[in-house]
file model29.cif (mmCIF, C-alpha atoms and all ligand atoms)
data_final
#
loop_
_atom_site.group_PDB
_atom_site.id
_atom_site.type_symbol
_atom_site.label_atom_id
_atom_site.label_comp_id
_atom_site.auth_asym_id
_atom_site.auth_seq_id
_atom_site.Cartn_x
_atom_site.Cartn_y
_atom_site.Cartn_z
ATOM 1 C CA MET A 10 93.987 144.308 156.548
ATOM 2 C CA LEU A 11 93.950 148.000 157.308
ATOM 3 C CA TRP A 12 92.109 148.935 154.152
ATOM 4 C CA LYS A 13 89.639 151.595 155.296
ATOM 5 C CA GLY A 14 90.316 155.118 154.107
ATOM 6 C CA ARG A 15 92.677 154.006 151.372
ATOM 7 C CA ARG A 16 92.230 154.652 147.676
ATOM 8 C CA GLN A 17 89.414 152.826 145.940
ATOM 9 C CA SER A 18 89.684 151.798 142.320
ATOM 10 C CA ASP A 19 87.383 153.200 139.645
ATOM 11 C CA ASN A 20 87.694 149.947 137.785
ATOM 12 C CA VAL A 21 84.971 148.088 139.638
ATOM 13 C CA GLU A 22 81.829 147.613 137.567
ATOM 14 C CA ASP A 23 78.848 146.906 139.750
ATOM 15 C CA GLN A 24 76.418 144.723 137.848
ATOM 16 C CA ARG A 25 74.785 143.172 140.856
ATOM 17 C CA GLY A 26 71.090 142.710 140.464
ATOM 18 C CA GLN A 27 71.194 143.060 136.693
ATOM 19 C CA GLY A 28 71.037 139.390 135.911
ATOM 20 C CA GLY A 29 73.996 139.482 133.604
ATOM 21 C CA GLY A 30 75.295 142.298 131.476
ATOM 22 C CA LEU A 31 76.798 142.136 128.053
ATOM 23 C CA GLY A 32 80.503 141.710 128.127
ATOM 24 C CA GLY A 33 82.468 143.929 125.790
ATOM 25 C CA GLY A 34 85.680 143.208 124.048
ATOM 26 C CA SER A 35 86.558 140.445 121.688
ATOM 27 C CA PRO A 36 88.543 137.373 122.499
ATOM 28 C CA GLY A 37 91.789 136.925 120.676
ATOM 29 C CA GLN A 38 92.914 140.516 120.716
ATOM 30 C CA PHE A 39 95.530 140.648 123.388
ATOM 31 C CA ARG A 40 98.424 142.995 123.280
ATOM 32 C CA ILE A 41 101.519 141.506 124.783
ATOM 33 C CA PRO A 42 103.665 144.240 126.273
ATOM 34 C CA ILE A 43 106.935 142.423 126.127
ATOM 35 C CA GLY A 44 110.174 144.223 125.568
ATOM 36 C CA GLY A 45 112.039 147.297 126.640
ATOM 37 C CA SER A 46 113.958 145.533 129.322
ATOM 38 C CA SER A 47 117.410 144.100 129.314
ATOM 39 C CA GLY A 48 120.251 143.401 131.637
ATOM 40 C CA GLY A 49 121.864 140.539 133.407
ATOM 41 C CA ARG A 50 119.312 139.932 136.074
ATOM 42 C CA MET A 51 116.265 137.810 135.550
ATOM 43 C CA SER A 52 113.875 140.419 134.251
ATOM 44 C CA LEU A 53 110.132 140.285 134.002
ATOM 45 C CA SER A 54 110.460 140.080 130.232
ATOM 46 C CA SER A 55 112.793 137.119 130.317
ATOM 47 C CA ILE A 56 110.586 135.300 132.774
ATOM 48 C CA ILE A 57 107.640 135.910 130.514
ATOM 49 C CA ILE A 58 109.513 134.705 127.467
ATOM 50 C CA LEU A 59 110.798 131.626 129.270
ATOM 51 C CA GLY A 60 107.316 130.855 130.484
ATOM 52 C CA VAL A 61 105.848 131.169 127.023
ATOM 53 C CA ILE A 62 108.648 129.112 125.498
ATOM 54 C CA ALA A 63 108.095 126.443 128.111
ATOM 55 C CA LEU A 64 104.409 126.429 127.283
ATOM 56 C CA ILE A 65 105.127 126.175 123.576
ATOM 57 C CA ALA A 66 107.642 123.377 124.062
ATOM 58 C CA TRP A 67 105.200 121.513 126.184
ATOM 59 C CA GLY A 68 102.377 121.942 123.730
ATOM 60 C CA VAL A 69 104.292 121.138 120.568
ATOM 61 C CA PHE A 70 106.163 118.136 121.840
ATOM 62 C CA GLY A 71 103.668 116.941 124.350
ATOM 63 C CA ILE A 72 106.388 116.789 126.941
ATOM 64 C CA ASN A 73 105.738 117.249 130.541
ATOM 65 C CA PRO A 74 109.161 118.380 131.687
ATOM 66 C CA LEU A 75 108.568 117.242 135.204
ATOM 67 C CA GLN A 76 107.082 113.857 134.621
ATOM 68 C CA ILE A 77 103.976 114.484 136.584
ATOM 69 C CA LEU A 78 101.818 111.426 136.759
ATOM 70 C CA ASN A 79 99.634 111.103 133.744
ATOM 71 C CA GLY A 80 96.173 109.726 133.775
ATOM 72 C CA GLY A 81 92.821 109.831 132.118
ATOM 73 C CA GLY A 82 89.524 111.166 133.211
ATOM 74 C CA GLY A 83 89.021 114.234 135.252
ATOM 75 C CA LEU A 84 87.119 117.406 134.907
ATOM 76 C CA MET A 85 86.330 119.112 131.665
ATOM 77 C CA PRO A 86 88.578 122.031 130.884
ATOM 78 C CA GLY A 87 86.899 125.389 131.175
ATOM 79 C CA GLY A 88 85.255 126.697 128.038
ATOM 80 C CA GLY A 89 85.782 129.944 126.215
ATOM 81 C CA GLY A 90 89.202 130.637 127.595
ATOM 82 C CA GLN A 91 87.723 131.507 130.930
ATOM 83 C CA ILE A 92 89.995 130.924 133.884
ATOM 84 C CA THR A 93 87.639 129.716 136.524
ATOM 85 C CA ASP A 94 88.330 129.419 140.181
ATOM 86 C CA ASN A 95 85.162 127.776 141.290
ATOM 87 C CA SER A 96 86.747 125.260 143.572
ATOM 88 C CA GLY A 97 83.952 122.800 143.153
ATOM 89 C CA SER A 98 81.093 124.790 144.492
ATOM 90 C CA GLN A 99 77.608 123.458 143.975
ATOM 91 C CA ASP A 100 75.680 126.594 144.620
ATOM 92 C CA GLY A 101 76.857 130.137 144.386
ATOM 93 C CA GLY A 102 74.277 131.509 146.760
ATOM 94 C CA THR A 103 71.095 133.434 146.282
ATOM 95 C CA GLY A 104 72.533 136.425 144.521
ATOM 96 C CA ALA A 105 71.653 138.778 147.321
ATOM 97 C CA PRO A 106 73.398 142.091 146.805
ATOM 98 C CA ALA A 107 76.557 142.448 148.760
ATOM 99 C CA SER A 108 76.928 145.320 151.110
ATOM 100 C CA ASP A 109 78.395 148.628 150.074
ATOM 101 C CA GLU A 110 81.195 147.935 152.454
ATOM 102 C CA MET A 111 81.987 144.827 150.482
ATOM 103 C CA LYS A 112 82.198 146.892 147.304
ATOM 104 C CA GLN A 113 84.440 149.378 149.064
ATOM 105 C CA PHE A 114 86.672 146.575 150.255
ATOM 106 C CA VAL A 115 86.916 145.017 146.802
ATOM 107 C CA SER A 116 87.603 148.429 145.245
ATOM 108 C CA THR A 117 90.333 149.117 147.767
ATOM 109 C CA VAL A 118 92.057 145.772 147.279
ATOM 110 C CA LEU A 119 91.837 146.238 143.508
ATOM 111 C CA ALA A 120 93.409 149.693 143.870
ATOM 112 C CA GLU A 121 96.224 148.189 145.912
ATOM 113 C CA THR A 122 96.883 145.630 143.180
ATOM 114 C CA GLU A 123 96.877 148.415 140.571
ATOM 115 C CA ASP A 124 99.522 150.351 142.475
ATOM 116 C CA THR A 125 101.675 147.303 143.108
ATOM 117 C CA TRP A 126 101.586 145.920 139.581
ATOM 118 C CA THR A 127 102.037 149.334 138.013
ATOM 119 C CA GLY A 128 105.229 149.665 140.052
ATOM 120 C CA ILE A 129 106.487 146.191 139.183
ATOM 121 C CA PHE A 130 105.838 146.644 135.469
ATOM 122 C CA GLN A 131 107.391 150.118 135.534
ATOM 123 C CA SER A 132 110.546 148.771 137.096
ATOM 124 C CA GLU A 133 110.847 146.544 134.040
ATOM 125 C CA GLY A 134 110.140 149.331 131.580
ATOM 126 C CA LEU A 135 106.692 147.947 130.890
ATOM 127 C CA THR A 136 103.237 149.442 131.192
ATOM 128 C CA TYR A 137 100.631 147.791 133.377
ATOM 129 C CA GLU A 138 97.100 148.106 132.117
ATOM 130 C CA ASN A 139 94.532 147.887 134.863
ATOM 131 C CA PRO A 140 91.890 145.199 134.632
ATOM 132 C CA LYS A 141 88.228 145.781 135.339
ATOM 133 C CA LEU A 142 86.550 143.861 138.106
ATOM 134 C CA VAL A 143 82.878 143.087 137.647
ATOM 135 C CA LEU A 144 80.730 142.460 140.684
ATOM 136 C CA PHE A 145 77.712 140.414 139.773
ATOM 137 C CA SER A 146 74.972 138.418 141.367
ATOM 138 C CA GLY A 147 73.464 135.206 140.106
ATOM 139 C CA GLN A 148 74.647 135.123 136.523
ATOM 140 C CA ILE A 149 76.741 137.111 134.123
ATOM 141 C CA ARG A 150 77.691 137.237 130.470
ATOM 142 C CA SER A 151 81.323 137.918 129.715
ATOM 143 C CA ALA A 152 83.372 137.801 126.530
ATOM 144 C CA CYS A 153 84.076 134.221 127.622
ATOM 145 C CA GLY A 154 80.414 133.323 127.591
ATOM 146 C CA PHE A 155 77.729 132.860 130.143
ATOM 147 C CA ALA A 156 78.551 132.073 133.752
ATOM 148 C CA SER A 157 76.625 131.621 136.951
ATOM 149 C CA SER A 158 77.699 132.335 140.482
ATOM 150 C CA ALA A 159 78.211 128.639 140.973
ATOM 151 C CA ALA A 160 81.214 128.908 138.674
ATOM 152 C CA GLY A 161 82.940 131.051 141.268
ATOM 153 C CA PRO A 162 85.270 133.962 140.608
ATOM 154 C CA PHE A 163 86.923 133.953 137.218
ATOM 155 C CA TYR A 164 89.017 136.007 134.872
ATOM 156 C CA CYS A 165 88.150 136.412 131.206
ATOM 157 C CA PRO A 166 91.151 137.199 128.996
ATOM 158 C CA GLY A 167 88.854 138.245 126.147
ATOM 159 C CA ASP A 168 87.571 141.333 127.933
ATOM 160 C CA ARG A 169 90.344 141.602 130.511
ATOM 161 C CA LYS A 170 87.903 141.546 133.369
ATOM 162 C CA ALA A 171 87.774 139.646 136.620
ATOM 163 C CA TYR A 172 84.301 138.537 137.670
ATOM 164 C CA LEU A 173 83.260 138.120 141.241
ATOM 165 C CA ASP A 174 79.999 137.353 142.964
ATOM 166 C CA THR A 175 80.737 138.475 146.479
ATOM 167 C CA THR A 176 78.465 135.775 147.869
ATOM 168 C CA PHE A 177 81.489 133.619 147.092
ATOM 169 C CA PHE A 178 83.114 135.197 150.112
ATOM 170 C CA GLN A 179 80.293 133.912 152.314
ATOM 171 C CA GLN A 180 80.740 130.526 150.768
ATOM 172 C CA LEU A 181 84.463 130.713 151.329
ATOM 173 C CA ASP A 182 83.796 131.378 154.973
ATOM 174 C CA GLN A 183 80.864 129.083 155.679
ATOM 175 C CA GLN A 184 81.377 126.199 153.294
ATOM 176 C CA PHE A 185 85.135 126.117 152.902
ATOM 177 C CA GLY A 186 86.155 127.366 156.318
ATOM 178 C CA ALA A 187 88.266 130.231 155.000
ATOM 179 C CA SER A 188 87.318 133.389 156.801
ATOM 180 C CA GLY A 189 88.870 136.798 157.114
ATOM 181 C CA ASP A 190 89.298 139.817 154.901
ATOM 182 C CA PHE A 191 92.714 138.752 153.734
ATOM 183 C CA ALA A 192 91.343 135.425 152.556
ATOM 184 C CA GLN A 193 89.092 137.525 150.337
ATOM 185 C CA ALA A 194 91.949 139.799 149.315
ATOM 186 C CA TYR A 195 93.890 136.710 148.262
ATOM 187 C CA VAL A 196 91.038 135.628 146.004
ATOM 188 C CA ILE A 197 90.985 139.055 144.344
ATOM 189 C CA ALA A 198 94.770 139.153 144.047
ATOM 190 C CA HIS A 199 94.735 135.677 142.488
ATOM 191 C CA GLU A 200 92.304 136.825 139.784
ATOM 192 C CA VAL A 201 94.465 139.893 139.193
ATOM 193 C CA GLY A 202 97.354 137.436 138.900
ATOM 194 C CA HIS A 203 95.540 135.917 135.927
ATOM 195 C CA HIS A 204 95.291 139.393 134.431
ATOM 196 C CA VAL A 205 99.046 139.769 134.802
ATOM 197 C CA GLN A 206 99.402 136.434 133.020
ATOM 198 C CA ASN A 207 97.161 137.766 130.282
ATOM 199 C CA LEU A 208 99.367 140.815 129.840
ATOM 200 C CA THR A 209 102.533 138.736 129.835
ATOM 201 C CA GLY A 210 101.220 136.405 127.159
ATOM 202 C CA VAL A 211 101.161 133.268 129.262
ATOM 203 C CA LEU A 212 97.388 133.057 129.394
ATOM 204 C CA PRO A 213 96.679 133.535 125.680
ATOM 205 C CA LYS A 214 99.306 130.900 124.932
ATOM 206 C CA PHE A 215 97.832 128.510 127.429
ATOM 207 C CA ASN A 216 94.304 128.979 126.128
ATOM 208 C CA GLN A 217 95.467 128.462 122.575
ATOM 209 C CA MET A 218 97.462 125.365 123.427
ATOM 210 C CA ARG A 219 94.901 123.636 125.539
ATOM 211 C CA GLN A 220 92.586 123.411 122.552
ATOM 212 C CA GLN A 221 94.906 120.715 121.255
ATOM 213 C CA MET A 222 95.515 119.034 124.568
ATOM 214 C CA GLY A 223 93.986 116.057 126.172
ATOM 215 C CA GLU A 224 92.301 116.554 129.492
ATOM 216 C CA ALA A 225 95.085 115.255 131.680
ATOM 217 C CA GLU A 226 97.708 117.339 129.970
ATOM 218 C CA SER A 227 95.532 120.411 130.004
ATOM 219 C CA ASN A 228 94.897 119.928 133.709
ATOM 220 C CA GLN A 229 98.591 119.669 134.436
ATOM 221 C CA MET A 230 99.339 122.877 132.641
ATOM 222 C CA SER A 231 96.368 124.525 134.277
ATOM 223 C CA VAL A 232 97.902 123.725 137.643
ATOM 224 C CA ARG A 233 101.073 125.574 136.677
ATOM 225 C CA VAL A 234 99.085 128.552 135.466
ATOM 226 C CA GLU A 235 97.050 128.610 138.686
ATOM 227 C CA LEU A 236 100.073 128.229 140.935
ATOM 228 C CA GLN A 237 101.708 131.150 139.196
ATOM 229 C CA ALA A 238 98.593 133.237 139.885
ATOM 230 C CA ASP A 239 98.903 132.204 143.541
ATOM 231 C CA CYS A 240 102.547 133.226 143.522
ATOM 232 C CA PHE A 241 101.610 136.570 141.973
ATOM 233 C CA ALA A 242 99.033 137.023 144.735
ATOM 234 C CA GLY A 243 101.890 136.399 147.155
ATOM 235 C CA VAL A 244 104.041 139.013 145.429
ATOM 236 C CA TRP A 245 101.212 141.470 145.853
ATOM 237 C CA ALA A 246 100.890 140.541 149.524
ATOM 238 C CA HIS A 247 104.633 141.095 149.938
ATOM 239 C CA PHE A 248 104.362 144.708 148.809
ATOM 240 C CA THR A 249 101.147 145.193 150.748
ATOM 241 C CA ALA A 250 102.944 144.081 153.882
ATOM 242 C CA GLN A 251 105.687 146.599 153.149
ATOM 243 C CA LYS A 252 103.084 149.347 153.222
ATOM 244 C CA GLY A 253 102.324 148.346 156.775
ATOM 245 C CA ILE A 254 98.663 147.621 156.169
ATOM 246 C CA LEU A 255 98.685 143.917 156.952
ATOM 247 C CA GLU A 256 97.371 142.973 160.350
ATOM 248 C CA GLN A 257 98.474 140.082 162.460
ATOM 249 C CA GLY A 258 96.905 136.932 161.124
ATOM 250 C CA ASP A 259 96.282 138.262 157.631
ATOM 251 C CA MET A 260 98.734 135.997 155.856
ATOM 252 C CA GLU A 261 97.440 133.079 157.890
ATOM 253 C CA GLU A 262 93.980 133.845 156.528
ATOM 254 C CA ALA A 263 95.284 133.820 152.970
ATOM 255 C CA LEU A 264 97.242 130.630 153.571
ATOM 256 C CA ASN A 265 94.245 128.937 155.078
ATOM 257 C CA ALA A 266 92.163 129.955 152.062
ATOM 258 C CA ALA A 267 94.840 128.539 149.745
ATOM 259 C CA LYS A 268 94.679 125.319 151.747
ATOM 260 C CA GLN A 269 90.907 125.067 151.796
ATOM 261 C CA ILE A 270 90.562 125.560 148.048
ATOM 262 C CA GLY A 271 93.377 123.173 147.133
ATOM 263 C CA ASP A 272 92.172 120.492 144.749
ATOM 264 C CA ASP A 273 92.825 117.600 147.119
ATOM 265 C CA THR A 274 91.183 119.209 150.141
ATOM 266 C CA MET A 275 88.268 120.368 148.028
ATOM 267 C CA GLN A 276 87.677 117.008 146.410
ATOM 268 C CA LYS A 277 87.848 115.212 149.736
ATOM 269 C CA LYS A 278 85.273 117.574 151.096
ATOM 270 C CA MET A 279 82.967 117.533 148.088
ATOM 271 C CA GLN A 280 83.142 113.895 147.005
ATOM 272 C CA GLY A 281 85.061 112.094 149.715
ATOM 273 C CA TYR A 282 87.980 111.022 147.549
ATOM 274 C CA VAL A 283 90.604 112.564 145.316
ATOM 275 C CA VAL A 284 91.267 112.147 141.613
ATOM 276 C CA PRO A 285 94.769 113.561 141.161
ATOM 277 C CA GLU A 286 94.689 113.638 137.364
ATOM 278 C CA SER A 287 91.682 115.917 137.552
ATOM 279 C CA PHE A 288 93.507 118.478 139.652
ATOM 280 C CA ASN A 289 93.612 121.758 137.788
ATOM 281 C CA HIS A 290 94.498 124.301 140.458
ATOM 282 C CA GLY A 291 97.020 122.475 142.577
ATOM 283 C CA THR A 292 96.953 120.739 145.921
ATOM 284 C CA SER A 293 96.620 122.617 149.188
ATOM 285 C CA GLN A 294 100.315 122.157 149.749
ATOM 286 C CA GLN A 295 101.240 123.458 146.313
ATOM 287 C CA ARG A 296 98.974 126.466 146.553
ATOM 288 C CA GLN A 297 100.352 127.409 149.943
ATOM 289 C CA THR A 298 103.912 126.867 148.799
ATOM 290 C CA TRP A 299 103.632 129.182 145.807
ATOM 291 C CA LEU A 300 101.692 131.812 147.694
ATOM 292 C CA VAL A 301 104.412 131.876 150.339
ATOM 293 C CA ARG A 302 107.131 131.883 147.718
ATOM 294 C CA GLY A 303 105.807 135.053 146.139
ATOM 295 C CA TYR A 304 105.117 136.586 149.512
ATOM 296 C CA LYS A 305 108.566 135.983 150.924
ATOM 297 C CA SER A 306 110.602 137.385 148.072
ATOM 298 C CA GLY A 307 108.243 139.702 146.213
ATOM 299 C CA LYS A 308 110.105 138.677 143.094
ATOM 300 C CA LEU A 309 108.504 137.523 139.906
ATOM 301 C CA SER A 310 111.539 135.411 139.167
ATOM 302 C CA ASP A 311 110.417 133.197 142.029
ATOM 303 C CA CYS A 312 107.070 132.640 140.317
ATOM 304 C CA ASP A 313 108.267 130.652 137.325
ATOM 305 C CA THR A 314 106.029 127.644 137.726
ATOM 306 C CA PHE A 315 106.806 126.492 134.197
ATOM 307 C CA ASN A 316 110.524 125.849 134.600
ATOM 308 C CA ASN A 317 110.599 124.657 138.179
ATOM 309 C CA PRO A 318 109.303 121.690 140.104
ATOM 310 C CA ILE A 319 105.930 122.472 141.560
HETATM 311 ZN ZN ZN B 1 92.816 130.910 139.075
#

call {"tool": "encode", "arguments": {"input": "model29.cif", "output": "structure tokens"}}
result
Amino acid sequence: MLWKGRRQSDNVEDQRGQGGGLGGGSPGQFRIPIGGSSGGRMSLSSIIILGVIALIAWGVFGINPLQILNGGGGLMPGGGGQITDNSGSQDGGTGAPASDEMKQFVSTVLAETEDTWTGIFQSEGLTYENPKLVLFSGQIRSACGFASSAAGPFYCPGDRKAYLDTTFFQQLDQQFGASGDFAQAYVIAHEVGHHVQNLTGVLPKFNQMRQQMGEAESNQMSVRVELQADCFAGVWAHFTAQKGILEQGDMEEALNAAKQIGDDTMQKKMQGYVVPESFNHGTSQQRQTWLVRGYKSGKLSDCDTFNNPI
């Protein structure tokens, strides 16, 4: 990615080396900027509303509209409303401070997401509110609670911040075999995708509903939420490509990352076997599919993971 010399976001909070700062904000206070858009085409607002309705229908009636295989067991759902993307890591690294260049890269990618999402929201008559991105090392306290690097990157709806220990990028490269700057950009764009879901109301609804869900059901809905964040990352990549700042091989890097952190690939690598009912992010195939879907069209209407087969 040709990122050098481009605008860097002011919304990166560098808390590396602080051993965990106090997260501001209070969970449960999310403004949902829906409205102001109409017309015959599938608008952002209608997608949002459909998504939320689908979530509600699913939660109230306990119906999985797509008859995904049900099963018991699996991983515990994440606590505190935190949307974690740890991908099964055992150790988040030593907490060594990342280089300044890394911070510059993260700030630039974040700025690119700000510009893209501001434009998309504007085109729907909505206002995009930028998220903060917290760089940390070792451990961190967010409005969603306490987290260590081992938990991987995550987004906390309660304080509208994405959290990233950049040693995860080393891990992505060395442990998961996903190298390249655009693999990293994909990770950032995915977390920003969760922020978009927070603004559209999908995330608050999901977090509310999964309190009443069993593990298997919660996992299945989590997969849809995660695949939509992948699709949103693809939408971002679509507009980034249009700016002419993608290099040859960039999308391949992102696609490889999506493959390497797919639930099935990850579980095979970490434990030698897969437990499908514990999947909560989607298989490698699913993650690649939705990333490509967003990338190809750049349209949010192609990211409705709640009303389509996944
Ligand atoms: Zn995620």

call {"tool": "resolve_selection", "arguments": {"input": "model29.cif", "expression": "the PyMOL selection byres (((not hetatm)) within 8 of (chain B and resi 1))", "output": "list in words"}}
result
Ile92, Thr93, Asp94, Phe163, Tyr164, His199, Glu200, Gly202, His203, Val234, Glu235, Leu236, Ala238, Asp239 and His290 of chain A

call {"tool": "resolve_selection", "arguments": {"input": "model29.cif", "expression": "the PyMOL selection byres (((chain A and resi 10) around 7) and not hetatm)", "output": "PyMOL selection string"}}
result
chain A and resi 11-12+190-191+254-256+259

call {"tool": "closest_residue", "arguments": {"input": "model29.cif", "among": "A:Gly186, A:Gly90, A:Phe215, A:Gln180", "to": "Ser227 (chain A)", "atoms": "all atoms listed in the file"}}
result
A:Phe215

call {"tool": "resolve_selection", "arguments": {"input": "model29.cif", "expression": "the PyMOL selection byres (((chain A and resi 216) around 10) and not hetatm)", "output": "list in words"}}
result
Gly37, Gly87, Gly88, Gly89, Gly90, Gln91, Ile92, Pro166, Val211, Leu212, Pro213, Lys214, Phe215, Gln217, Met218, Arg219, Gln220, Gln221, Ser227 and Ser231 of chain A

call {"tool": "closest_residue", "arguments": {"input": "model29.cif", "among": "A:Phe155, A:Trp245, A:Phe315, A:Phe145", "to": "Arg25 (chain A)", "atoms": "only C-alpha atoms"}}
result
A:Phe145

call {"tool": "residues_around", "arguments": {"input": "model29.cif", "residues": "Glu261 (chain A)", "least_positions_apart": "6", "cutoff": "10 Å", "atoms": "all atoms listed in the file", "output": "VMD selection string"}}
result
chain A and resid 189 191 to 192 267

call {"tool": "closest_residue", "arguments": {"input": "model29.cif", "among": "A:Thr127, A:Phe114, A:Leu309, A:Gln269", "to": "Gln183 (chain A)", "atoms": "all atoms listed in the file"}}
result
A:Gln269

call {"tool": "axis_aligned_box", "arguments": {"input": "model29.cif", "around": "region 12-15 of chain A", "padding_each_side": "5 Å", "output": "JSON"}}
result
{"center_x": 91.2, "center_y": 152.0, "center_z": 153.3, "size_x": 13.0, "size_y": 16.2, "size_z": 13.9}

call {"tool": "closest_residue", "arguments": {"input": "model29.cif", "among": "A:Ser132, A:Gln280, A:Asn139, A:Thr122", "to": "Phe248 (chain A)", "atoms": "all atoms listed in the file"}}
result
A:Thr122

call {"tool": "atom_distance", "arguments": {"input": "model29.cif", "atom1": "CA of Glu262 (chain A)", "atom2": "CA of Val21 (chain A)"}}
result
23.9 Å

call {"tool": "closest_residue", "arguments": {"input": "model29.cif", "among": "A:Glu224, A:Val284, A:Val232, A:Tyr195", "to": "Leu300 (chain A)", "atoms": "only C-alpha atoms"}}
result
A:Tyr195

call {"tool": "build_atoms", "arguments": {"input": "model29.cif", "residues": "region 16-29 of chain A", "atoms": "N, CA, C and O atoms", "output": "short mmCIF file (atom, residue, chain, number, x, y, z; two decimals), in the coordinates of the input"}}
result
data_model
loop_
_atom_site.label_atom_id
_atom_site.label_comp_id
_atom_site.auth_asym_id
_atom_site.auth_seq_id
_atom_site.Cartn_x
_atom_site.Cartn_y
_atom_site.Cartn_z
N ARG A 16 92.79 154.39 149.01
CA ARG A 16 92.23 154.65 147.68
C ARG A 16 91.37 153.49 147.18
O ARG A 16 91.72 152.33 147.37
N GLN A 17 90.26 153.85 146.55
CA GLN A 17 89.41 152.83 145.94
C GLN A 17 89.52 152.95 144.43
O GLN A 17 89.54 154.05 143.88
N SER A 18 89.55 151.80 143.78
CA SER A 18 89.68 151.80 142.32
C SER A 18 88.39 152.21 141.64
O SER A 18 87.30 151.92 142.11
N ASP A 19 88.54 152.87 140.49
CA ASP A 19 87.38 153.20 139.65
C ASP A 19 87.06 152.06 138.69
O ASP A 19 86.14 152.16 137.89
N ASN A 20 87.85 151.01 138.78
CA ASN A 20 87.69 149.95 137.78
C ASN A 20 86.77 148.81 138.22
O ASN A 20 86.80 147.73 137.64
N VAL A 21 85.97 149.08 139.24
CA VAL A 21 84.97 148.09 139.64
C VAL A 21 83.66 148.41 138.94
O VAL A 21 83.18 149.54 139.01
N GLU A 22 83.12 147.43 138.24
CA GLU A 22 81.83 147.61 137.57
C GLU A 22 80.80 146.83 138.37
O GLU A 22 80.87 145.61 138.47
N ASP A 23 79.86 147.56 138.90
CA ASP A 23 78.85 146.91 139.75
C ASP A 23 77.65 146.50 138.90
O ASP A 23 76.85 147.32 138.49
N GLN A 24 77.55 145.23 138.64
CA GLN A 24 76.42 144.72 137.85
C GLN A 24 75.54 143.82 138.70
O GLN A 24 74.81 142.98 138.18
N ARG A 25 75.61 143.99 139.98
CA ARG A 25 74.78 143.17 140.86
C ARG A 25 73.32 143.51 140.63
O ARG A 25 72.96 144.67 140.49
N GLY A 26 72.53 142.50 140.61
CA GLY A 26 71.09 142.71 140.46
C GLY A 26 70.64 142.94 139.04
O GLY A 26 69.48 143.17 138.77
N GLN A 27 71.57 142.83 138.10
CA GLN A 27 71.19 143.06 136.69
C GLN A 27 70.98 141.77 135.93
O GLN A 27 70.59 141.80 134.77
N GLY A 28 71.28 140.68 136.56
CA GLY A 28 71.04 139.39 135.91
C GLY A 28 71.92 139.13 134.72
O GLY A 28 71.59 138.39 133.82
N GLY A 29 73.05 139.79 134.68
CA GLY A 29 74.00 139.48 133.60
C GLY A 29 74.05 140.55 132.56
O GLY A 29 73.12 140.75 131.79
#
